[in-house]
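Coordinates as given in coords_32.cif (mmCIF, C-alpha atoms):
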```
data_start
loop_
_atom_site.label_atom_id
_atom_site.label_comp_id
_atom_site.auth_asym_id
_atom_site.auth_seq_id
_atom_site.Cartn_x
_atom_site.Cartn_y
_atom_site.Cartn_z
CA MET C 1461 -16.79 -27.32 32.23
CA GLU C 1462 -17.34 -25.53 28.95
CA THR C 1463 -16.26 -27.66 26.00
CA ALA C 1464 -17.84 -25.93 23.01
CA GLN C 1465 -15.18 -24.29 20.87
CA ILE C 1466 -16.31 -21.06 19.24
CA ARG C 1467 -13.63 -19.87 16.84
CA HIS C 1468 -13.72 -16.49 15.20
CA SER C 1469 -11.89 -13.95 13.07
CA TRP C 1470 -11.35 -10.47 14.49
CA THR C 1471 -8.84 -8.59 12.39
CA ASP C 1472 -10.38 -5.54 10.68
CA PRO C 1473 -11.15 -2.65 13.08
CA ASP C 1474 -13.44 -0.85 10.63
CA ALA C 1475 -15.42 -4.01 9.90
CA TYR C 1476 -15.66 -4.66 13.63
CA GLU C 1477 -17.11 -1.20 14.22
CA THR C 1478 -19.87 -2.05 11.75
CA PHE C 1479 -20.43 -5.53 13.09
CA MET C 1480 -20.15 -5.19 16.89
CA GLY C 1481 -18.78 -1.77 17.80
CA ARG C 1482 -22.21 -0.21 17.40
CA TRP C 1483 -23.56 -2.61 20.04
CA SER C 1484 -20.62 -1.92 22.33
CA GLU C 1485 -21.41 1.80 22.21
CA HIS C 1486 -24.94 1.14 23.45
CA LEU C 1487 -23.78 -1.24 26.17
CA ALA C 1488 -20.90 0.77 27.65
CA ARG C 1489 -22.87 3.24 29.80
CA PRO C 1490 -25.35 0.81 31.40
CA PHE C 1491 -22.50 -1.63 32.00
CA LEU C 1492 -20.41 0.99 33.80
CA SER C 1493 -23.34 2.10 35.94
CA LEU C 1494 -23.80 -1.50 37.11
CA ALA C 1495 -20.09 -2.21 37.59
CA LYS C 1496 -19.73 0.92 39.77
CA ILE C 1497 -16.22 1.80 38.60
CA LYS C 1498 -14.93 4.67 40.73
CA PRO C 1499 -13.12 7.73 39.29
CA GLY C 1500 -9.38 7.56 39.83
CA GLY C 1501 -9.28 3.78 39.94
CA HIS C 1502 -6.86 1.67 37.93
CA VAL C 1503 -8.84 -0.55 35.59
CA LEU C 1504 -7.93 -3.30 33.13
CA ASP C 1505 -10.17 -3.65 30.07
CA VAL C 1506 -9.71 -7.26 28.95
CA ALA C 1507 -10.12 -7.97 25.22
CA CYS C 1508 -10.65 -4.24 24.72
CA GLY C 1509 -11.02 -4.52 20.94
CA THR C 1510 -11.36 -1.10 19.34
CA GLY C 1511 -11.57 0.63 22.71
CA VAL C 1512 -15.26 1.46 23.16
CA LEU C 1513 -15.42 0.48 26.83
CA THR C 1514 -11.84 1.64 27.43
CA LYS C 1515 -12.71 5.16 26.30
CA ALA C 1516 -15.93 5.17 28.34
CA LEU C 1517 -13.94 4.17 31.43
CA ALA C 1518 -11.42 6.96 30.87
CA GLU C 1519 -14.21 9.49 30.42
CA VAL C 1520 -15.61 8.67 33.87
CA GLY C 1521 -12.17 9.27 35.40
CA ALA C 1522 -10.56 5.83 35.49
CA HIS C 1523 -6.95 5.13 34.54
CA VAL C 1524 -7.19 2.30 32.06
CA ILE C 1525 -5.04 -0.29 30.34
CA GLY C 1526 -6.83 -1.86 27.39
CA ILE C 1527 -5.34 -5.21 26.43
CA ASP C 1528 -6.15 -7.22 23.32
CA ALA C 1529 -4.64 -9.99 21.20
CA SER C 1530 -5.44 -8.18 17.93
CA GLU C 1531 -2.85 -5.59 17.00
CA GLU C 1532 -5.13 -4.38 14.22
CA TYR C 1533 -7.92 -3.64 16.65
CA LEU C 1534 -5.49 -1.83 18.91
CA LYS C 1535 -4.38 0.33 16.00
CA GLY C 1536 -8.01 1.30 15.49
CA ALA C 1537 -8.42 2.01 19.20
CA ARG C 1538 -5.32 4.22 19.31
CA GLN C 1539 -6.47 6.10 16.23
CA HIS C 1540 -10.10 6.67 17.18
CA ARG C 1541 -10.31 6.31 20.97
CA SER C 1542 -7.15 7.73 22.47
CA HIS C 1543 -7.26 9.49 25.86
CA PRO C 1544 -4.62 10.71 28.35
CA ASN C 1545 -5.84 8.11 30.85
CA ILE C 1546 -5.55 5.16 28.43
CA ALA C 1547 -2.67 2.86 27.52
CA TYR C 1548 -3.45 0.23 24.90
CA GLU C 1549 -1.38 -2.92 25.03
CA HIS C 1550 -0.99 -6.02 22.89
CA GLY C 1551 -1.01 -9.19 24.95
CA ASP C 1552 -2.31 -12.67 25.71
CA ILE C 1553 -5.32 -12.29 28.02
CA ARG C 1554 -4.97 -15.93 29.07
CA GLN C 1555 -1.59 -15.22 30.69
CA MET C 1556 -1.21 -11.54 31.45
CA ARG C 1557 2.01 -9.88 32.51
CA PHE C 1558 0.49 -7.94 35.40
CA ASP C 1559 1.18 -8.59 39.08
CA ASN C 1560 -1.38 -10.07 41.41
CA GLY C 1561 -3.80 -7.42 42.63
CA ALA C 1562 -2.44 -4.75 40.28
CA PHE C 1563 -5.86 -3.26 39.44
CA ASP C 1564 -8.89 -1.95 41.28
CA ALA C 1565 -11.07 -3.56 38.63
CA ALA C 1566 -10.87 -5.88 35.63
CA VAL C 1567 -13.72 -5.65 33.15
CA SER C 1568 -14.70 -6.98 29.74
CA THR C 1569 -17.65 -6.59 27.38
CA LEU C 1570 -18.79 -8.70 24.42
CA ALA C 1571 -15.63 -10.80 24.43
CA LEU C 1572 -15.70 -13.67 26.94
CA ASP C 1573 -18.58 -15.29 25.07
CA VAL C 1574 -16.55 -15.79 21.89
CA LEU C 1575 -13.43 -17.18 23.59
CA PRO C 1576 -12.88 -20.92 24.02
CA GLU C 1577 -10.75 -20.29 27.15
CA THR C 1578 -13.35 -18.36 29.15
CA GLU C 1579 -12.50 -19.86 32.55
CA GLN C 1580 -8.79 -19.22 32.09
CA VAL C 1581 -9.38 -15.57 31.18
CA VAL C 1582 -11.75 -14.94 34.09
CA ALA C 1583 -9.24 -16.55 36.48
CA GLU C 1584 -6.65 -14.09 35.19
CA MET C 1585 -9.06 -11.18 35.65
CA LYS C 1586 -9.55 -12.27 39.24
CA ARG C 1587 -5.81 -12.68 39.83
CA VAL C 1588 -4.84 -9.19 38.68
CA THR C 1589 -7.64 -7.50 40.68
CA ARG C 1590 -6.96 -6.47 44.28
CA PRO C 1591 -8.95 -7.99 47.14
CA GLY C 1592 -12.24 -6.13 47.38
CA GLY C 1593 -11.98 -4.92 43.80
CA VAL C 1594 -14.43 -5.41 40.94
CA VAL C 1595 -14.41 -8.12 38.29
CA ALA C 1596 -17.21 -7.61 35.77
CA SER C 1597 -18.24 -8.70 32.29
CA GLY C 1598 -21.01 -8.01 29.84
CA VAL C 1599 -21.75 -10.84 27.42
CA HIS C 1600 -24.30 -11.89 24.86
CA GLN C 1601 -27.03 -14.21 26.07
CA PHE C 1602 -26.62 -17.02 23.56
CA PHE C 1603 -29.82 -18.84 24.54
CA GLY C 1604 -32.42 -16.67 22.83
CA GLY C 1605 -30.97 -13.30 23.72
CA THR C 1606 -29.43 -12.16 20.43
CA PRO C 1607 -32.28 -11.93 17.90
CA ALA C 1608 -30.35 -9.78 15.41
CA PHE C 1609 -27.81 -12.59 15.05
CA ASP C 1610 -30.11 -15.54 15.74
CA LEU C 1611 -32.27 -14.62 12.76
CA VAL C 1612 -29.34 -15.35 10.46
CA LEU C 1613 -28.11 -18.33 12.46
CA HIS C 1614 -31.47 -20.10 12.66
CA THR C 1615 -32.23 -19.52 8.99
CA ALA C 1616 -28.82 -20.79 7.89
CA ALA C 1617 -29.05 -23.81 10.19
CA VAL C 1618 -32.07 -25.07 8.23
CA LEU C 1619 -30.13 -24.93 4.96
CA ASP C 1620 -26.60 -25.94 6.00
CA THR C 1621 -25.38 -28.64 8.39
CA GLY C 1622 -22.32 -26.60 9.35
CA PHE C 1623 -24.55 -23.80 10.58
CA ALA C 1624 -26.71 -26.30 12.44
CA THR C 1625 -23.57 -27.41 14.30
CA LEU C 1626 -22.56 -23.81 14.98
CA ARG C 1627 -26.02 -23.04 16.37
CA SER C 1628 -25.78 -26.02 18.70
CA LEU C 1629 -22.33 -24.93 19.88
CA ARG C 1630 -23.54 -21.43 20.68
CA ALA C 1631 -26.73 -22.60 22.39
CA GLY C 1632 -24.78 -25.18 24.40
CA ARG C 1633 -22.48 -22.65 26.08
CA GLN C 1634 -24.37 -22.49 29.36
CA TYR C 1635 -22.11 -19.84 30.86
CA PHE C 1636 -23.96 -17.49 28.50
CA TRP C 1637 -27.45 -18.51 29.48
CA PRO C 1638 -29.23 -16.53 32.22
CA ASN C 1639 -27.32 -16.94 35.52
CA GLY C 1640 -24.40 -18.51 33.67
CA GLN C 1641 -21.94 -15.73 34.38
CA ALA C 1642 -22.86 -15.76 38.07
CA GLU C 1643 -22.23 -19.51 38.13
CA LEU C 1644 -18.80 -19.05 36.56
CA TRP C 1645 -17.88 -16.19 38.90
CA ARG C 1646 -18.74 -18.27 41.99
CA LYS C 1647 -17.00 -21.35 40.59
CA LEU C 1648 -13.77 -19.37 40.32
CA GLY C 1649 -14.00 -18.05 43.87
CA LEU C 1650 -15.39 -14.55 43.43
CA ALA C 1651 -17.62 -13.20 46.20
CA ASP C 1652 -20.66 -10.89 46.35
CA VAL C 1653 -21.68 -11.96 42.85
CA THR C 1654 -24.52 -10.17 41.07
CA GLU C 1655 -25.86 -10.87 37.59
CA VAL C 1656 -28.17 -8.32 35.99
CA PRO C 1657 -29.86 -8.63 32.57
CA VAL C 1658 -29.29 -5.62 30.32
CA VAL C 1659 -31.27 -5.06 27.13
CA VAL C 1660 -29.87 -2.75 24.48
CA ASP C 1661 -31.44 -1.90 21.13
CA CYS C 1662 -29.44 -1.09 18.03
CA ASP C 1663 -31.16 0.28 14.93
CA TYR C 1664 -29.92 -0.62 11.47
CA PRO C 1665 -30.79 2.06 8.89
CA SER C 1666 -31.43 -0.53 6.18
CA PHE C 1667 -31.43 -4.24 5.49
CA ALA C 1668 -28.28 -3.80 3.40
CA ASP C 1669 -26.50 -2.27 6.40
CA TYR C 1670 -27.70 -5.11 8.64
CA TRP C 1671 -26.68 -7.83 6.17
CA ALA C 1672 -23.25 -6.26 5.64
CA THR C 1673 -22.42 -6.89 9.29
CA PHE C 1674 -22.43 -10.63 8.50
CA THR C 1675 -20.36 -10.46 5.33
CA GLY C 1676 -17.40 -8.40 6.55
CA GLY C 1677 -15.32 -11.27 7.92
CA GLN C 1678 -15.82 -10.54 11.63
CA GLY C 1679 -17.26 -12.83 14.26
CA THR C 1680 -18.44 -16.41 14.39
CA ILE C 1681 -21.09 -16.18 11.68
CA SER C 1682 -19.36 -14.32 8.85
CA GLY C 1683 -16.65 -16.88 8.08
CA PRO C 1684 -19.01 -19.85 7.65
CA LEU C 1685 -21.52 -17.67 5.80
CA MET C 1686 -18.98 -16.41 3.27
CA ALA C 1687 -17.64 -19.95 2.78
CA LEU C 1688 -21.01 -21.08 1.41
CA SER C 1689 -21.80 -21.04 -2.29
CA GLU C 1690 -23.38 -17.89 -3.65
CA ASP C 1691 -26.63 -19.79 -4.24
CA VAL C 1692 -26.94 -20.99 -0.66
CA ARG C 1693 -25.83 -17.65 0.78
CA GLY C 1694 -28.31 -15.85 -1.47
CA THR C 1695 -31.11 -18.17 -0.32
CA ILE C 1696 -30.29 -17.41 3.32
CA GLU C 1697 -30.25 -13.70 2.61
CA ARG C 1698 -33.63 -13.83 0.89
CA HIS C 1699 -35.23 -15.75 3.76
CA VAL C 1700 -33.74 -13.41 6.35
#
```
Please lay out the structure from this file as structure tokens.
Amino acid sequence: METAQIRHSWTDPDAYETFMGRWSEHLARPFLSLAKIKPGGHVLDVACGTGVLTKALAEVGAHVIGIDASEEYLKGARQHRSHPNIAYEHGDIRQMRFDNGAFDAAVSTLALDVLPETEQVVAEMKRVTRPGGVVASGVHQFFGGTPAFDLVLHTAAVLDTGFATLRSLRAGRQYFWPNGQAELWRKLGLADVTEVPVVVDCDYPSFADYWATFTGGQGTISGPLMALSEDVRGTIERHV
């Protein structure tokens, strides 16, 4: 069982777009091609955030409910990624209001890996999906698969014990190592499980733009980084 607790702060939709939304945009299309979501299907986007995947689903003809615990993110999604086939909804993804088998598919990208209750959420995704439907996620590979973030994390871990602990927590979440998602899917009773590695590249126009993604208050790195003294934070920035 996963025991590592990764806590985070996701409150500012504009900051999230800078921090992670740009990655979500690159991931959405390859993820959908692998998940094989059919036009006309009813799909639940779990932890939809600012609606990147939700909008991509709607554009391929799905009828989508995007659910998230952050009302601020949902406001951003409604403002920037509305669509006639989308309903955004505030809710607890650990205990969702939907009936058993209510959806043809339940999907999620770049969310399960930052939740402490991953098994509970995936069990809910399975519950609300009809027999024969699709349950799919796209997550970061925490064991060496996120160099843009690991560069900061590894550098900071040398200079600060709190970051060393955070690095160990992230690396220890084996559900987000290769084959980890497949293991979790089978553990929770899903059948015909396939795990496929997807590599996406995201270009930052400058170092300042890259560094700003870690100072905007979003994610698991920004909070601890901004809590450091200016001297220590400046030393990390220089080394990075």
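Computed from the coordinates, the atom CA of Gly1622 of chain C to atom CA of Pro1684 of chain C distance equals 7.7 Å.
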Result set, the PyMOL selection byres ((chain C and resi 1672) around 12) on current file, as a PyMOL selection string: chain C and resi 1475-1480+1612+1664-1671+1673-1678+1681-1682+1685-1686+1697
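Checking C:Asp1472, C:Asp1661, C:Asp1564, C:Glu1532 one by one against Gly1500 of chain C, counting only C-alpha atoms, you find the shortest gap at C:Asp1564.
Near Ala1518 of chain C, within 9 Å and counting all atoms listed in the file, sit Pro1499, Leu1513, His1523, Val1524, His1543, Pro1544, Asn1545 and Ile1546 of chain C; same-chain residues fewer than 5 positions away were not included.
Of the residues under consideration (C:Ile1497, C:Val1520, C:Val1660, C:Ala1507), C:Ile1497 shows the shortest atom-to-atom contact distance to Phe1563 of chain C when counting only C-alpha atoms.
Between atom CA of Val1581 of chain C and atom CA of Leu1487 of chain C there is a distance of 20.9 Å.
Proximity to Gly1598 of chain C was assessed for C:Gln1580, C:Thr1621, C:Gln1641, C:Thr1569 counting only C-alpha atoms; the smallest distance is recorded for C:Thr1569.
For Gly1511 of chain C, the set of protein, DNA and RNA residues having any atom at most 8 Å away, when counting only C-alpha atoms and skipping those fewer than 5 positions along the same chain, is C:Gly1526, C:Leu1534, C:Ala1537, C:Arg1538, C:Arg1541.
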Using the selection just defined, write its residues with C-alpha atoms as a compact mmCIF listing (two decimals), keeping the file's coordinate frame.
```txt
# COMPACT_ATOMS: atom_id res chain seq x y z
CA GLY C 1526 -6.83 -1.86 27.39
CA LEU C 1534 -5.49 -1.83 18.91
CA ALA C 1537 -8.42 2.01 19.20
CA ARG C 1538 -5.32 4.22 19.31
CA ARG C 1541 -10.31 6.31 20.97
```
- request: For atom CA of Ala1624 of chain C and atom CA of Arg1554 of chain C, quote the distance in Å rounded to one decimal.
  value: 29.3 Å
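Distances from C:Ala1687, C:Ala1631, C:Cys1662, C:Val1506 to Ala1608 of chain C were compared using only C-alpha atoms, and the smallest one belongs to C:Cys1662.
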- request: Might you pull out every residue within 9 Å of Ala1651 of chain C, with all atoms listed in the file counted and same-chain residues fewer than 3 positions away left off, and present them as a list in words?
  value: Gly1592, Trp1645 and Arg1646 of chain C
message: Set the distance at 9 Å and use only C-alpha atoms: which residues neighbour His1600 of chain C once local chain neighbours fewer than 5 positions away are removed? I'd like the list as a ChimeraX atom specification.
response: /C:1569-1571,1573,1605-1606,1636-1637
Would you put the residues from that selection into a file with C-alpha atoms, as an mmCIF file, in the frame of the given file?
```cif
data_model
loop_
_atom_site.group_PDB
_atom_site.id
_atom_site.type_symbol
_atom_site.label_atom_id
_atom_site.label_comp_id
_atom_site.auth_asym_id
_atom_site.auth_seq_id
_atom_site.Cartn_x
_atom_site.Cartn_y
_atom_site.Cartn_z
ATOM 1 C CA THR C 1569 -17.650 -6.590 27.380
ATOM 2 C CA LEU C 1570 -18.790 -8.700 24.420
ATOM 3 C CA ALA C 1571 -15.630 -10.800 24.430
ATOM 4 C CA ASP C 1573 -18.580 -15.290 25.070
ATOM 5 C CA GLY C 1605 -30.970 -13.300 23.720
ATOM 6 C CA THR C 1606 -29.430 -12.160 20.430
ATOM 7 C CA PHE C 1636 -23.960 -17.490 28.500
ATOM 8 C CA TRP C 1637 -27.450 -18.510 29.480
#
```
message: Counting all atoms listed in the file, which residue out of C:Val1595, C:Leu1504, C:Ala1529, C:Ala1522 sits closest to Phe1558 of chain C?
response: C:Leu1504
Would you fill the gaps in segment 1604-1621 of chain C so it has N, CA, C and O atoms, then print it as a CSV table (one decimal), in the coordinates of the input?
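And here's rebuild.csv as it stands now:
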```
chain,number,residue,atom,x,y,z
C,1604,GLY,N,-31.2,-17.5,23.1
C,1604,GLY,CA,-32.4,-16.7,22.8
C,1604,GLY,C,-32.3,-15.2,23.1
C,1604,GLY,O,-33.3,-14.5,23.0
C,1605,GLY,N,-31.1,-14.7,23.4
C,1605,GLY,CA,-31.0,-13.3,23.7
C,1605,GLY,C,-30.4,-12.4,22.7
C,1605,GLY,O,-30.1,-11.2,22.9
C,1606,THR,N,-30.1,-13.0,21.5
C,1606,THR,CA,-29.4,-12.2,20.4
C,1606,THR,C,-30.2,-12.3,19.1
C,1606,THR,O,-29.7,-12.9,18.1
C,1607,PRO,N,-31.4,-11.7,19.1
C,1607,PRO,CA,-32.3,-11.9,17.9
C,1607,PRO,C,-31.7,-11.4,16.6
C,1607,PRO,O,-31.9,-12.0,15.5
C,1608,ALA,N,-30.9,-10.3,16.6
C,1608,ALA,CA,-30.4,-9.8,15.4
C,1608,ALA,C,-29.4,-10.8,14.7
C,1608,ALA,O,-29.3,-10.9,13.5
C,1609,PHE,N,-28.7,-11.6,15.6
C,1609,PHE,CA,-27.8,-12.6,15.0
C,1609,PHE,C,-28.5,-13.9,14.9
C,1609,PHE,O,-28.2,-14.7,14.0
C,1610,ASP,N,-29.4,-14.3,15.8
C,1610,ASP,CA,-30.1,-15.5,15.7
C,1610,ASP,C,-30.9,-15.7,14.5
C,1610,ASP,O,-31.1,-16.8,14.0
C,1611,LEU,N,-31.5,-14.6,14.0
C,1611,LEU,CA,-32.3,-14.6,12.8
C,1611,LEU,C,-31.5,-15.2,11.6
C,1611,LEU,O,-32.0,-16.1,10.9
C,1612,VAL,N,-30.2,-14.8,11.5
C,1612,VAL,CA,-29.3,-15.4,10.5
C,1612,VAL,C,-29.0,-16.8,10.8
C,1612,VAL,O,-29.0,-17.7,9.9
C,1613,LEU,N,-28.6,-17.0,12.0
C,1613,LEU,CA,-28.1,-18.3,12.5
C,1613,LEU,C,-29.2,-19.4,12.3
C,1613,LEU,O,-28.9,-20.5,11.8
C,1614,HIS,N,-30.4,-19.1,12.7
C,1614,HIS,CA,-31.5,-20.1,12.7
C,1614,HIS,C,-31.8,-20.4,11.2
C,1614,HIS,O,-32.1,-21.5,10.8
C,1615,THR,N,-31.9,-19.3,10.4
C,1615,THR,CA,-32.2,-19.5,9.0
C,1615,THR,C,-31.2,-20.4,8.3
C,1615,THR,O,-31.5,-21.3,7.6
C,1616,ALA,N,-29.9,-20.0,8.5
C,1616,ALA,CA,-28.8,-20.8,7.9
C,1616,ALA,C,-28.8,-22.2,8.4
C,1616,ALA,O,-28.4,-23.1,7.6
C,1617,ALA,N,-29.1,-22.5,9.6
C,1617,ALA,CA,-29.0,-23.8,10.2
C,1617,ALA,C,-30.0,-24.8,9.5
C,1617,ALA,O,-29.8,-26.0,9.5
C,1618,VAL,N,-31.1,-24.2,9.0
C,1618,VAL,CA,-32.1,-25.1,8.2
C,1618,VAL,C,-31.5,-25.5,6.9
C,1618,VAL,O,-31.8,-26.6,6.4
C,1619,LEU,N,-30.6,-24.7,6.3
C,1619,LEU,CA,-30.1,-24.9,5.0
C,1619,LEU,C,-28.7,-25.5,4.9
C,1619,LEU,O,-28.3,-26.0,3.8
C,1620,ASP,N,-28.0,-25.5,6.0
C,1620,ASP,CA,-26.6,-25.9,6.0
C,1620,ASP,C,-26.3,-26.7,7.3
C,1620,ASP,O,-26.5,-26.1,8.4
C,1621,THR,N,-25.7,-27.8,7.2
C,1621,THR,CA,-25.4,-28.6,8.4
C,1621,THR,C,-24.3,-28.0,9.2
C,1621,THR,O,-24.3,-28.1,10.5
```
